[in-house]
Every structure is written in structure tokens, then in C-alpha cells.
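Enquirer: Here you go, one structure.
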Amino acid sequence: MDDLLKSLTQPQREAVLHVDGPMLMLAGPGSGKTRVVTSRIVNLLHQGISAHQILALTFTNKAADEMKLRLARDVPDTNVWVGTFHRFAARLLRQHAVLVGLSENYTIYDTRDSRQALLQAIETLDFPITHATPEAIQHAISWAKNNLVTAEQYSATRGHELGSIVERVYPAYQKRLLECNAVDFDDLLLHTAMLLRENPELRSSLDQRYQYILVDEYQDTNLAQYAIVRALSIDYPNLSVTGDPDQSIYGWRGANLGNILEFEKDFANVKVVRLEENWRSTKSILVVADQLISNNTRRKHKELFTDNPQGSPVRLTCYTTQKTEAEGIAGQIAGAIHSGRRRPRDFAIFYRINALSRSLEFALRDLGVPYQMIHGLEFFQRKEIKDVLGYLQVVNNPRDDVALMRIINTPARAIGKKTVERLRAHAIRYGLSMLNAARESGLIESLNKRAAVAVAKFVAIIDFLGAVGPVDVEEILGHVLSQTAYRELFTESDDPQDQERLANIEELLTAARQFDEQNPGGGHFEEFLEQASLVNDTDDWETETDKVTLMTMHAAKGLEFPAVFVIAVEEGLLPHERSRHDPSQLEEERRLLFVAITRAEEELQLSLVKKREFRGQTKYVVPSSFLMELPREEMELIGAPLGGDELAEESWGDDADWNEAGDDGEVTFNVEEFAETPPPASSSTSSDLAATLTTAAEMVSEQAAELPQVSPDEFHQGMVVRHPEYGLGKIVALGGGSARRVATVDFASGARGKKFILNASALRPAT
DNA sequence: ATTCGCAAAGTTTTT
DNA sequence: CTTTGCGAAT
């Protein structure tokens with residue numbers, strides 16, 4: 001502990017040593033915030049505070065994992081609860097589900113599932129919605145929930161058209177969710193906040209349980225999150241929040257900047273600590289960031305400074321077109337890599353909208369620079385994954401109609417739209433869940449025999465899965481795959497997309513296996529599903545690989561890179577067109593650029609172009625108004641017209657000036673020079689990856705056939721195997737930990753569901 | 001039940 | 001210009 005303190009600055013030390021009472025830590029970018037927070041937890045434990053009285057809340061899994069990792073380094077085996085708001089709420093809600101009308105096996109719907117539930121609710125209302133899209137309604141409901149407005153409380157402002165629709169739809173939607181025993185993301189917070197508000201004994205016992213609460217990125221909390229944290233800090237107001245108002249970039253999602261700006265009014269005797277010293281960036285970079293952000297009014301004044309060297313000046317480069325911009329940047333990167341000065345992973349390129357990544361991808365690929373792009377949601381949103389998990393959802397929560405309707409005819413089993421409609425009508429009429437309605441398919445008059453039989457077969461599958469019992473997740477998923485023959489949909493196809501789907505299913509099984517290892521005992525279906533819906537795969541962005549990173553400025557928060565490029569610093573893109581006219585939204589756009597700039601450690605280039613192709617047509621670009629707020633005399637300006645005085649106010653927005661500059665605007669780097677660069681290992685696409693994986697798997701099974709002893713890990717679900725007694729068969733499910741891995745096998749000879757302990761059996765892969 | 005074609009929209013994104 | 005989703009046709 002003493003060693004720890006020695007390496008800290010005075011303000012950092014103050015924050016670390018703070019024990020009781022509320023604390024507000026205003027931490028600028030690169031100020032060592034995470035380190036301070038984890039050190040403070042270490043100190044709390046040191047003071048004799050029990051680990052289970054400490055609660056650390058973050059926004060993203062990435063941040064939570066980072067904190068866990070650092071904490072584990074200092075205090076191995078601690079059981080301080082570190083996690084996201086949503087996960088904490090989900091856990092609390094499991095224990096007290098009944099109080100809000102749910103049962104503990106409730107399902108968490110993602111945005112798409114919620115939309116389906118919403119559409120179903122609108123159907124039951126049967127009044128036509130003409131002037132609002134479902135997305136708009138969904139958004140309005142989400143906004144209400146984030147602001148703690150319940151369905152009963154919601155009332156439209158007079159004359160507000162969308163509002164009056166929402167007023168009717170919101171309660172119906174909420175009813176539908178309860179019928180399905182499901183919640184949406186916002187409900188996790190709303191229900192929990194209401195739970196605490198309406199059950200004073202529960203609130204005070206939890207307040208006592210969680211005496212020390214730490215919240216990260218407090219500037220991004222919404223009202224619901226605020227209410228939860230506030231309710232847990234009344235008797236024991238040892239709440240410490242960390243954040244930076246200048247890095248609040250999620251206002252459009254309901255984040256309430258007021259939460260952090262007014263923290264000091266909210267609690268008595270708040271200790272305020274300012275971490276202003278920056279350890280990340282050069283002076284050149286920091287001064288640009290500082291000047292820019294000082295144009296905002298809604299902030300807490302902060303003086304950023306650093307002991308780091310001056311560094312090279314920040315570049316502001318103007319290219320002719322997005323093509324030359326991309327090539328120029330790719331050329332600089334290739335050059336630096338080629339000369340051995342930098343590695344690919346040192347670089348990041350940020351842009352305001354995903355659509356801008358295209359030209360960069362081409363340019364990087366042309367020069368053979370490996371890169372990775374961070375897109376938001378992926379894995380758990382894929383159709384094949386959602387389909388397979390849909391079965392598990394229904395098994396876990398038989399009232400989950402949304403999941404049921406997703407899978408009832410997937411893979412196709414002759415249950416058409418009409419049949420589903422009739423089932424649904426029956427369900428509504430008798431107040432049944434879809435599954436129970438399906439059970440009665442034989443009694444529904446509108447259904448013909450063929451349809452009724454098809455439905456009965458589906459019910460049989462669900463019942464079979466339900467009867468499997470509390471086994472490992474990997475095993476139940478294996479049963480899902482073999483019962484539905486889902487895998488067979490893809491195995492015969494040579495469409496590369498299908499191969500990718502197959503690989504994704506394997507990945508799901510691997511994820512299930514890892515989960516099983518961490519949660520032994522079997523039957524943890526709902527925890528697995530919860531993890532699947534609350535996780536997103538930007539979280540496991542590969543930090544280890546040596547590639548240039550391309551991402552939106554939003555995704556960049558919390559990261560740092562030696563060299564950063566920010567492209568398209570242009571009016572209409574940054575600030576974005578839709579934010580340009582509202583002063584508070586404009587400030588958020590400025591914060592976004594501030595976040596992007598402060599990711600850079602040593603080198604930074606901002607760039608724009610003269611004309612940009614957008615949605616098919618080329619338009620002359622107006623430089624971002626933010627550029628005028630930067631200390632241009634301290635920056636290196638490259639490329640006409642930014643080199644001269646043309647960046648003066650009078651030429652702003654005047655397209656003519658841009659035309660005159662000519663078409664071969666200066667490019668900072670000669671691309672041709674690097675065209676001959678021997679291409680480094682190119683960025684591997686997922687299909688490449690799938691191909692390698694298949695080959696590897698083949699090699700493994702070839703080897704296995706020759707070797708007398710086979711490792712249990714070499715068996716996988718769906719594999720064809722041979723047994724000396726039963727002959728050829730197929731693995732329909734796998735379960736158990738690595739030492740006691742059990743395979744369930746159906747044999748061609750007719751023997752079904754035979755179980756073998758892989759370590760001990762004579763079962764071998766067939767080749 | 002699947003496939004094809006057309007229309008419409010096209011910030012940012014967590015959970 | 002692209003992508004994506006829904007609806008109509010086979």
C-alpha cells in the first residue's frame with residue numbers, strides 16, 4: 001500500500017485515501033482515473049471494510065473487465081462486485097422479481113425483441129398507427145423509462161401527436177412484456193428504481209448491504225441510474241463518483257449531464273478531487289484539446305496540464321477528395337510501419353459515422369496495412385445465434401412468446417404465417433401463452449390436421465428439451481441443435497456465408513463451454529442468457545493483435561493510441577447536421593471531438609477534404625466550425641486552403657473559394673512510394689478465419705485417428721464418431737467439465753442417447 | 001415456402 | 001450510392 005501511495009500525485013493520493021462520505025472525482029482524460037479507483041478499493045479493503053459491502057458500477061463491460069483485471073492484480077481472489085449498471089439491476093431484479101410482477105426466470109429482450117413485443121402490443125390495441133413509426137414509439141418509450149416515467153404516469157403534452165400515440169401504446173407494451181415474463185433494457189433500470197422507491201425496508205437493507213458504492217463515468221448516468229444509486233446511498237452516503245463532464249457524449253441516449261454538474265448540491269459535505277494532470281498526451285495535443293473544450297459553457301472548469309514533452313505539432317490537413325484523404329493517411333501509416341518507427345497497432349483512425357470507413361478500408365487494403373474495424377453489436381445479434389438461443393429462451397421461460405414466434409418455424413417445419421396467426425388468436429382469446437396455445441393445437445377448429453400435427457411436433461421438441469433437466473449449457477444447446485437439425489441447414493451448402501454461420505454456432509458452443517466451466521453444476525440457463533443479452537462483442541475487441549484500429553469517435557472513449565487520425569472534420573459531419581442548430585447538442589459534438597483528440601498520445605492529425613461524395617453525389621465541403629476554435633498558430637497546416645488566411649471567417653461556407661483551389665490539393669504523403677511495400681499479413685476476414693479453423697479441426701481429427709489416446713477437447717458437438725460396440729454414431733450433446741466430459745451419442749444402429757465419459761470410453765472420432 | 005424485387009432511409013450506441 | 005426490410009409473386 002505504501003509503495004502504491006508513493007507513486008501517486010497529491011490529488012490522486014487524496015482520492016485513494018478517502019473513505020467515508022460522498023466524493024466527486026473530476027478526472028480529465030489520461031489522468032490515471034482507473035488506477036486511482038482501483039487503488040481506492042484496495043485501500044477500503046485495507047481499512048477492514050468487507051469486500052461484499054463494496055459495489056463498483058460501470059457502463060460498459062469493457063470498463064468493468066478492465067477494473068476487475070486491475071483489481072485482481074492488486075488483490076487476488078477478492079469478491080468485490082464489479083459490473084455494469086444493467087447487470088447489477090438484473091441481478092437485483094432476479095431476487096425480487098415478484099415485487100414488480102415478474103418471475104425470477106424472466107427474459108431480457110434486446111432492441112429487436114422489444115420491437116417485436118411492441119408490434120404485438122400494437123396489434124392487440126387494434127387502432128391504426130399512421131403517423132408514427134414503431135421505432136419512434138420505441139424511442140419515446142425508452143426515453144420515458146430512462147426518465148422514470150412509468151406507463152401509468154405517461155401523459156402526452158397537449159397537441160403532441162407522437163405523445164398521444166405513446167400514451168396508448170406504452171401501457172399495452174408494458175402489459176405485453178409482463179405477459180411474456182420479459183423486460184427490455186430500460187426496464188432493468190426502471191423496475192429496479194421503482195422497487196427501491198416502493199419498498200422502503202428493502203431499500204434500507206440494500207443501502208446497508210452496499211455501504212461503499214463507486215460509479216464510473218458518472219457524466220453518462222441517466223435519471224433511472226441516478227435514482228438507483230441515490231436510493232442506495234441515503235443511510236450510508238459513501239458514494240464516490242468519477243467522471244468528466246467534458247467527456248459526456250451520450251446525451252442523445254438519455255444521459256443527464258446534470259447528475260454530475262449538480263452532485264455537490266445533491267449531497268452534503270462532498271469531497272471534490274480534481275485530477276487534472278495528464279499522463280497520456282504531449283503538450284501539443286493537450287493544448288488543442290483544452291482550447292477546443294473551453295468553448296463549452298456547460299462544464300466544470302478544469303485546467304489540463306502535462307509534464308510530457310512538447311511533441312510534434314498537431315497537423316491539420318486538407319485533402320482534395322475522400323480518396324486522397326484515405327490514401328494520404330494509409331500512406332503515412334504504411335510509411336511509419338515500413339521505416340520501423342511504428343507498428344500497426346499504434347494507429348487509430350476515428351470518424352463520426354460508420355459510413356465514412358469505406359475509403360479508408362480500400363486504401364489500407366491497397367497498401368497491405370492490416371486493420372480491424374470496430375462495429376457495434378455483432379455476434380449475439382446474428383440470426384443463427386438468436387435462433388439457437390431462442391429455443392433455450394423458451395425452455396427457460398415458457399411464456400416468452402417473442403422467442404417462440406421466432407423459432408416456431410425455424411428451421412422451416414411447415415408452420416406458416418396463417419397457422420401462427422390462428423394460434424395467436426387462440427392465445428389471446430383464452431389468455432394463454434403461445435406455447436400453451438400450441439399445446440392445444442388439436443382443439444383449435446381453424447387449424448387443419450396437417451397444421452395441428454406440425455405444431456404438435458414443435459411442442460414435442462420443446463417438451464423434450466424441457467425434460468433434459470438442469471444440465472450444462474453446452475449440453476442443452478447440443479440437444480437444441482440435434483433436435484432441430486439446425487446445423488444440417490448449413491453443412492451441405494458451399495455458400496461461404498453458411499460456412500460462417502456454422503463457425504458462429506461453434507463459437508456459441510465454445511462460449512457455452514467457457515461459461516459452464518465458470519458456473520459448474522448445470523442448469524444455469526438464465527444466467528447464460530442474461531450474459532448473452534448484456535454482453536456485446538465490441539467488448540472483446542482484440543487489443544493484442546497488431547492492426548490499425550478503425551472506429552467511430554463514440555467507440556473510442558476510454559482508449560488511447562500513440563498516433564491518431566480524425567477524419568472528416570467538416571460542417572455537417574462534425575458537428576453533425578442534426579446537431580448543428582441546437583446549442584446543447586452542439587456542445588456534445590464538441591465534446592466528441594475533445595474525446596477523439598485526447599485519445600492521442602504522441603501524434604495527431606485532423607483532416608478534412610474539399611469535396612466529399614455522399615449518398616451518390618459530390619458536394620463541396622465547409623470546414624467544421626470547430627476548426628476555428630483551435631490554436632491554429634501552434635498547429636501544422638497542410639494543404640490548401642488551410643495553409644493561408646482562407647480559414648478566415650468571411651470565406652466560411654463559400655463554396656466558390658474551394659473550387660479555385662484546384663483539384664490536386666496537396667497530399668502529405670506520396671502514396672506511390674509505398675505501393676511496392678511488401679504486403680504485411682493482411683487483415684484476416686472472418687471467412688478466412690473460418691477456413692483456417694476448419695483446416696485445423698480436420699488436422700486434429702486426422703491425427704486423432706492415428707493416436708491411441710484422444711483428448712476430450714477434440715470431440716465436438718455434431719461430430720461423427722465410432723465405438724467398437726455400437727459402431728458409427730453422432731455426438732448430439734456434450735457436457736461436463738474438461739476432466740469429466742460426457743458425450744451423448746445417437747448411433748446409426750439405432751441406439752440413442754448413449755452417454756460416454758470421454759476420458760474413459762473407447763469412443764473415437766470416425767474418419 | 002422461398003425467392004426476388006422494389007421502396008425507403010441512411011448519426012452516434014450500451015445494455 | 002448502399003443497405004435493409006418488407007411485400008408480392010411463383
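Chain labels A, B, ... are given in the sequence in which chains occur in the C-alpha cells; within each chain residues are numbered consecutively from 1, and ligands are likewise numbered from 1 in the order shown.
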May I have the residues of chain A within 9 Å of chain C, counting only C-alpha atoms (C1' of nucleotides), written as a list in words?
Expert: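 The answer, sorted by residue number, is Phe614, Arg615, Gly616 and Gln617 of chain A.
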Enquirer: Restrict the selected residues to N, CA and C atoms and save them as a JSON list (two decimals), in the first residue's frame.
Expert:
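So the final result, stored in selection-v9.json, reads:
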```json
[["chain", "number", "residue", "atom", "x", "y", "z"],
["A", 614, "PHE", "N", -21.17, 11.95, -51.07],
["A", 614, "PHE", "CA", -22.05, 11.47, -50.02],
["A", 614, "PHE", "C", -23.40, 11.13, -50.63],
["A", 615, "ARG", "N", -23.86, 9.96, -50.36],
["A", 615, "ARG", "CA", -25.13, 9.49, -50.89],
["A", 615, "ARG", "C", -25.23, 9.71, -52.39],
["A", 616, "GLY", "N", -24.16, 9.31, -53.06],
["A", 616, "GLY", "CA", -24.22, 9.33, -54.51],
["A", 616, "GLY", "C", -23.74, 10.61, -55.14],
["A", 617, "GLN", "N", -23.87, 11.74, -54.44],
["A", 617, "GLN", "CA", -23.45, 12.96, -55.10],
["A", 617, "GLN", "C", -22.31, 13.67, -54.37]]
```
Enquirer: Could you pull out the strand (DSSP E) residues of range 171-409 of chain A, going by DSSP on the backbone, and write them as number ranges by chain?
Expert: A: 182-184, 212-215, 238-243, 271-275, 277-278, 305-306, 315-319, 347-351, 371-373
Enquirer: Store the residues picked out above in a file with N, CA and C atoms, as a JSON list (two decimals), in the first residue's frame.
Expert:
```
[["chain", "number", "residue", "atom", "x", "y", "z"],
["A", 182, "ALA", "N", -41.04, -10.81, -19.42],
["A", 182, "ALA", "CA", -39.83, -10.28, -20.04],
["A", 182, "ALA", "C", -39.65, -8.81, -19.70],
["A", 183, "VAL", "N", -38.43, -8.34, -19.86],
["A", 183, "VAL", "CA", -38.12, -6.92, -19.67],
["A", 183, "VAL", "C", -37.28, -6.44, -20.84],
["A", 184, "ASP", "N", -37.32, -5.15, -21.11],
["A", 184, "ASP", "CA", -36.36, -4.61, -22.07],
["A", 184, "ASP", "C", -35.19, -4.01, -21.27],
["A", 212, "TYR", "N", -20.41, 1.01, 0.43],
["A", 212, "TYR", "CA", -19.45, 1.80, -0.34],
["A", 212, "TYR", "C", -19.70, 1.58, -1.82],
["A", 213, "ILE", "N", -20.21, 2.61, -2.47],
["A", 213, "ILE", "CA", -20.55, 2.48, -3.88],
["A", 213, "ILE", "C", -19.65, 3.39, -4.71],
["A", 214, "LEU", "N", -19.13, 2.85, -5.79],
["A", 214, "LEU", "CA", -18.29, 3.63, -6.69],
["A", 214, "LEU", "C", -18.91, 3.61, -8.09],
["A", 215, "VAL", "N", -19.07, 4.76, -8.67],
["A", 215, "VAL", "CA", -19.64, 4.82, -10.02],
["A", 215, "VAL", "C", -18.65, 5.46, -10.98],
["A", 238, "ASN", "N", -21.77, 6.87, 1.36],
["A", 238, "ASN", "CA", -20.36, 6.75, 0.96],
["A", 238, "ASN", "C", -20.29, 6.47, -0.53],
["A", 239, "LEU", "N", -20.83, 7.41, -1.26],
["A", 239, "LEU", "CA", -20.90, 7.24, -2.70],
["A", 239, "LEU", "C", -19.77, 8.03, -3.34],
["A", 240, "SER", "N", -18.99, 7.37, -4.15],
["A", 240, "SER", "CA", -17.98, 8.15, -4.84],
["A", 240, "SER", "C", -18.17, 8.00, -6.34],
["A", 241, "VAL", "N", -18.25, 9.12, -6.98],
["A", 241, "VAL", "CA", -18.50, 9.08, -8.42],
["A", 241, "VAL", "C", -17.32, 9.70, -9.15],
["A", 242, "THR", "N", -17.06, 9.14, -10.32],
["A", 242, "THR", "CA", -15.93, 9.57, -11.12],
["A", 242, "THR", "C", -16.42, 9.95, -12.49],
["A", 243, "GLY", "N", -15.92, 11.03, -13.00],
["A", 243, "GLY", "CA", -16.35, 11.36, -14.34],
["A", 243, "GLY", "C", -15.73, 12.63, -14.83],
["A", 271, "LYS", "N", -16.67, 15.70, -0.84],
["A", 271, "LYS", "CA", -15.26, 15.94, -1.08],
["A", 271, "LYS", "C", -15.04, 15.96, -2.59],
["A", 272, "VAL", "N", -14.44, 17.03, -3.07],
["A", 272, "VAL", "CA", -14.21, 17.13, -4.51],
["A", 272, "VAL", "C", -12.71, 16.99, -4.79],
["A", 273, "VAL", "N", -12.40, 16.09, -5.67],
["A", 273, "VAL", "CA", -11.00, 15.92, -6.06],
["A", 273, "VAL", "C", -10.89, 16.15, -7.56],
["A", 274, "ARG", "N", -9.91, 16.92, -7.95],
["A", 274, "ARG", "CA", -9.71, 17.16, -9.37],
["A", 274, "ARG", "C", -8.42, 16.51, -9.84],
["A", 275, "LEU", "N", -8.55, 15.64, -10.80],
["A", 275, "LEU", "CA", -7.35, 15.07, -11.39],
["A", 275, "LEU", "C", -7.16, 15.74, -12.74],
["A", 277, "GLU", "N", -3.89, 16.54, -14.03],
["A", 277, "GLU", "CA", -2.63, 16.25, -14.70],
["A", 277, "GLU", "C", -2.81, 15.10, -15.68],
["A", 278, "ASN", "N", -2.34, 15.32, -16.87],
["A", 278, "ASN", "CA", -2.49, 14.33, -17.92],
["A", 278, "ASN", "C", -1.19, 13.57, -18.12],
["A", 305, "PHE", "N", -3.10, 19.93, -17.71],
["A", 305, "PHE", "CA", -1.68, 20.17, -17.92],
["A", 305, "PHE", "C", -0.93, 18.84, -17.92],
["A", 306, "THR", "N", 0.28, 18.89, -18.44],
["A", 306, "THR", "CA", 1.07, 17.66, -18.50],
["A", 306, "THR", "C", 2.56, 17.97, -18.38],
["A", 315, "ARG", "N", -1.31, 18.17, -36.61],
["A", 315, "ARG", "CA", -1.48, 18.52, -38.02],
["A", 315, "ARG", "C", -2.94, 18.71, -38.36],
["A", 316, "LEU", "N", -3.17, 19.71, -39.18],
["A", 316, "LEU", "CA", -4.50, 19.90, -39.75],
["A", 316, "LEU", "C", -4.32, 19.82, -41.25],
["A", 317, "THR", "N", -4.81, 18.75, -41.85],
["A", 317, "THR", "CA", -4.53, 18.51, -43.25],
["A", 317, "THR", "C", -5.80, 18.57, -44.09],
["A", 318, "CYS", "N", -5.68, 19.27, -45.21],
["A", 318, "CYS", "CA", -6.81, 19.32, -46.13],
["A", 318, "CYS", "C", -6.49, 18.54, -47.39],
["A", 319, "TYR", "N", -7.30, 17.57, -47.69],
["A", 319, "TYR", "CA", -7.11, 16.77, -48.89],
["A", 319, "TYR", "C", -8.16, 17.21, -49.93],
["A", 347, "PHE", "N", -1.71, 2.81, -34.34],
["A", 347, "PHE", "CA", -2.56, 3.77, -35.03],
["A", 347, "PHE", "C", -4.05, 3.53, -34.81],
["A", 348, "ALA", "N", -4.77, 4.65, -34.76],
["A", 348, "ALA", "CA", -6.23, 4.56, -34.77],
["A", 348, "ALA", "C", -6.76, 5.64, -35.69],
["A", 349, "ILE", "N", -7.81, 5.33, -36.40],
["A", 349, "ILE", "CA", -8.48, 6.32, -37.23],
["A", 349, "ILE", "C", -9.92, 6.44, -36.75],
["A", 350, "PHE", "N", -10.33, 7.66, -36.44],
["A", 350, "PHE", "CA", -11.68, 7.90, -35.93],
["A", 350, "PHE", "C", -12.52, 8.67, -36.92],
["A", 351, "TYR", "N", -13.80, 8.37, -36.95],
["A", 351, "TYR", "CA", -14.71, 9.11, -37.81],
["A", 351, "TYR", "C", -16.05, 9.25, -37.10],
["A", 371, "TYR", "N", -5.71, -4.07, -40.65],
["A", 371, "TYR", "CA", -6.56, -3.20, -39.83],
["A", 371, "TYR", "C", -7.71, -4.00, -39.27],
["A", 372, "GLN", "N", -8.31, -3.47, -38.23],
["A", 372, "GLN", "CA", -9.54, -4.06, -37.73],
["A", 372, "GLN", "C", -10.55, -2.95, -37.51],
["A", 373, "MET", "N", -11.79, -3.27, -37.83],
["A", 373, "MET", "CA", -12.83, -2.26, -37.68],
["A", 373, "MET", "C", -13.72, -2.66, -36.52]]
```
Enquirer: List as a ChimeraX atom specification the protein and nucleic acid residues near range 3-13 of chain B, meaning an atom at most 9 Å away when only C-alpha atoms (C1' of nucleotides) are counted, but skip any in the same chain fewer than 2 places from it.
Expert: /A:249-250,252-253,352-354,376-377,552-555,573,576-578,615 /C:2-3,9-10
Enquirer: CA of Arg176 in chain A to CA of Ala151 in chain A: how many Å, to one decimal?
Expert: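 Taking CA of Arg176 in chain A as the start and CA of Ala151 in chain A as the end point, the length is 12.1 Å.
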Enquirer: So that I can check the surroundings of DT15 in chain B, please list as a VMD selection string every protein, DNA and RNA residue that reaches within 10 Å of it, counting only C-alpha atoms (C1' of nucleotides) and ignoring chain neighbours fewer than 2 positions away.
Expert: (chain A and resid 59 to 61 84 to 87 110 to 111 184 to 186 188 533 to 536) or (chain B and resid 13)
Enquirer: Residues as selected, N, CA, C and O atoms (P, O5', C5', C4', C3', O3' and C1' of nucleotides), written as a PDB file, in the first residue's frame, can you do that?
Expert:
```
ATOM      1  N   PHE A  59     -20.351   1.479 -16.952  1.00  0.00           N
ATOM      2  CA  PHE A  59     -21.339   1.489 -18.038  1.00  0.00           C
ATOM      3  C   PHE A  59     -21.174   0.353 -18.997  1.00  0.00           C
ATOM      4  O   PHE A  59     -22.132  -0.206 -19.484  1.00  0.00           O
ATOM      5  N   THR A  60     -19.934   0.039 -19.277  1.00  0.00           N
ATOM      6  CA  THR A  60     -19.695  -0.983 -20.281  1.00  0.00           C
ATOM      7  C   THR A  60     -19.000  -2.172 -19.649  1.00  0.00           C
ATOM      8  O   THR A  60     -18.345  -2.054 -18.612  1.00  0.00           O
ATOM      9  N   ASN A  61     -19.163  -3.285 -20.286  1.00  0.00           N
ATOM     10  CA  ASN A  61     -18.454  -4.474 -19.838  1.00  0.00           C
ATOM     11  C   ASN A  61     -16.958  -4.285 -19.960  1.00  0.00           C
ATOM     12  O   ASN A  61     -16.197  -4.774 -19.142  1.00  0.00           O
ATOM     13  N   THR A  84     -21.584  -3.838 -14.658  1.00  0.00           N
ATOM     14  CA  THR A  84     -22.340  -2.748 -15.250  1.00  0.00           C
ATOM     15  C   THR A  84     -23.616  -2.500 -14.456  1.00  0.00           C
ATOM     16  O   THR A  84     -24.090  -3.361 -13.723  1.00  0.00           O
ATOM     17  N   PHE A  85     -24.161  -1.312 -14.630  1.00  0.00           N
ATOM     18  CA  PHE A  85     -25.443  -0.963 -14.027  1.00  0.00           C
ATOM     19  C   PHE A  85     -26.505  -1.999 -14.373  1.00  0.00           C
ATOM     20  O   PHE A  85     -27.261  -2.452 -13.520  1.00  0.00           O
ATOM     21  N   HIS A  86     -26.552  -2.333 -15.651  1.00  0.00           N
ATOM     22  CA  HIS A  86     -27.609  -3.230 -16.103  1.00  0.00           C
ATOM     23  C   HIS A  86     -27.481  -4.608 -15.469  1.00  0.00           C
ATOM     24  O   HIS A  86     -28.467  -5.216 -15.088  1.00  0.00           O
ATOM     25  N   ARG A  87     -26.257  -5.068 -15.346  1.00  0.00           N
ATOM     26  CA  ARG A  87     -26.071  -6.381 -14.777  1.00  0.00           C
ATOM     27  C   ARG A  87     -26.428  -6.388 -13.291  1.00  0.00           C
ATOM     28  O   ARG A  87     -27.045  -7.327 -12.791  1.00  0.00           O
ATOM     29  N   ASP A 110     -33.578  -7.875 -26.210  1.00  0.00           N
ATOM     30  CA  ASP A 110     -32.749  -6.844 -26.820  1.00  0.00           C
ATOM     31  C   ASP A 110     -33.651  -5.940 -27.665  1.00  0.00           C
ATOM     32  O   ASP A 110     -34.861  -6.136 -27.719  1.00  0.00           O
ATOM     33  N   THR A 111     -33.036  -4.970 -28.323  1.00  0.00           N
ATOM     34  CA  THR A 111     -33.828  -3.957 -29.013  1.00  0.00           C
ATOM     35  C   THR A 111     -34.775  -4.565 -30.050  1.00  0.00           C
ATOM     36  O   THR A 111     -35.907  -4.123 -30.212  1.00  0.00           O
ATOM     37  N   ASP A 184     -37.321  -5.149 -21.111  1.00  0.00           N
ATOM     38  CA  ASP A 184     -36.359  -4.606 -22.067  1.00  0.00           C
ATOM     39  C   ASP A 184     -35.194  -4.006 -21.273  1.00  0.00           C
ATOM     40  O   ASP A 184     -35.222  -3.988 -20.040  1.00  0.00           O
ATOM     41  N   PHE A 185     -34.182  -3.505 -21.979  1.00  0.00           N
ATOM     42  CA  PHE A 185     -33.000  -2.993 -21.282  1.00  0.00           C
ATOM     43  C   PHE A 185     -33.356  -1.890 -20.291  1.00  0.00           C
ATOM     44  O   PHE A 185     -32.849  -1.850 -19.177  1.00  0.00           O
ATOM     45  N   ASP A 186     -34.229  -1.004 -20.729  1.00  0.00           N
ATOM     46  CA  ASP A 186     -34.574   0.128 -19.867  1.00  0.00           C
ATOM     47  C   ASP A 186     -35.334  -0.319 -18.630  1.00  0.00           C
ATOM     48  O   ASP A 186     -35.209   0.284 -17.571  1.00  0.00           O
ATOM     49  N   LEU A 188     -34.808  -2.903 -16.886  1.00  0.00           N
ATOM     50  CA  LEU A 188     -33.898  -3.372 -15.842  1.00  0.00           C
ATOM     51  C   LEU A 188     -33.665  -2.252 -14.852  1.00  0.00           C
ATOM     52  O   LEU A 188     -33.714  -2.450 -13.642  1.00  0.00           O
ATOM     53  N   SER A 533     -27.359 -11.525 -23.400  1.00  0.00           N
ATOM     54  CA  SER A 533     -28.042 -10.309 -23.823  1.00  0.00           C
ATOM     55  C   SER A 533     -27.388  -9.048 -23.288  1.00  0.00           C
ATOM     56  O   SER A 533     -27.573  -7.979 -23.849  1.00  0.00           O
ATOM     57  N   LEU A 534     -26.610  -9.168 -22.219  1.00  0.00           N
ATOM     58  CA  LEU A 534     -25.998  -7.955 -21.667  1.00  0.00           C
ATOM     59  C   LEU A 534     -24.565  -7.753 -22.138  1.00  0.00           C
ATOM     60  O   LEU A 534     -23.908  -6.797 -21.748  1.00  0.00           O
ATOM     61  N   VAL A 535     -24.108  -8.666 -22.973  1.00  0.00           N
ATOM     62  CA  VAL A 535     -22.748  -8.547 -23.449  1.00  0.00           C
ATOM     63  C   VAL A 535     -22.788  -8.074 -24.891  1.00  0.00           C
ATOM     64  O   VAL A 535     -23.769  -8.257 -25.578  1.00  0.00           O
ATOM     65  N   ASN A 536     -21.727  -7.444 -25.324  1.00  0.00           N
ATOM     66  CA  ASN A 536     -21.690  -7.049 -26.723  1.00  0.00           C
ATOM     67  C   ASN A 536     -20.266  -7.239 -27.166  1.00  0.00           C
ATOM     68  O   ASN A 536     -19.361  -7.179 -26.366  1.00  0.00           O
TER      69      ASN A 536
ATOM     70  P    DT B  13     -21.472   4.046 -33.208  1.00  0.00           P
ATOM     71  O5'  DT B  13     -21.989   3.504 -31.810  1.00  0.00           O
ATOM     72  C5'  DT B  13     -21.501   4.008 -30.590  1.00  0.00           C
ATOM     73  C4'  DT B  13     -22.348   3.369 -29.517  1.00  0.00           C
ATOM     74  C3'  DT B  13     -22.576   1.899 -29.791  1.00  0.00           C
ATOM     75  O3'  DT B  13     -21.934   1.178 -28.735  1.00  0.00           O
ATOM     76  C1'  DT B  13     -24.654   3.037 -29.371  1.00  0.00           C
TER      77       DT B  13
END
```
Enquirer: Tell me, as a list of chain:residue names, which residues lie within 8 Å of Thr192 in chain A, counting only C-alpha atoms (C1' of nucleotides); anything in the same chain fewer than 5 positions away does not count.
Expert: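 So the residues in contact are A:Ala89, A:Leu92, A:Leu93, A:Asp187, A:Ile228.
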Enquirer: So that I can see what lies close to range 114-117 of chain A, please list as a PyMOL selection string the residues with an atom at most 8 Å from it, counting only C-alpha atoms (C1' of nucleotides) and leaving out residues fewer than 5 positions away in the same chain.
Expert: chain A and resi 109+134-135+138+173+176-177+184+402
Enquirer: Any chance you can output those residues with C-alpha atoms as a PDB file, in the first residue's frame?
Expert:
```pdb
ATOM      1  CA  TYR A 109     -35.203  -8.599 -24.583  1.00  0.00           C
ATOM      2  CA  PRO A 134     -42.615   1.745 -34.410  1.00  0.00           C
ATOM      3  CA  GLU A 135     -39.034   2.931 -33.953  1.00  0.00           C
ATOM      4  CA  GLN A 138     -39.965   2.617 -29.126  1.00  0.00           C
ATOM      5  CA  TYR A 173     -46.438  -2.699 -24.482  1.00  0.00           C
ATOM      6  CA  ARG A 176     -47.267  -7.469 -23.208  1.00  0.00           C
ATOM      7  CA  LEU A 177     -43.811  -7.625 -21.622  1.00  0.00           C
ATOM      8  CA  ASP A 184     -36.359  -4.606 -22.067  1.00  0.00           C
ATOM      9  CA  VAL A 402     -41.387 -13.357 -28.796  1.00  0.00           C
TER      10      VAL A 402
END
```
Enquirer: For Ala427 in chain A, please output as a ChimeraX atom specification all residues within 12 Å (counting only C-alpha atoms (C1' of nucleotides); exclusion window: fewer than 4 positions along the same chain).
Expert: /A:124,179,399,401,420-423,431-441,444
Enquirer: What is the distance between CA of Val745 in chain A and CA of Gly478 in chain A, in Å to one decimal?
Expert: 10.7 Å
Enquirer: Could you please write out, as number ranges by chain, every residue of range 173-218 of chain A that DSSP assigns to alpha helix (DSSP H)?
Expert: A: 173-179, 185-198, 200-209
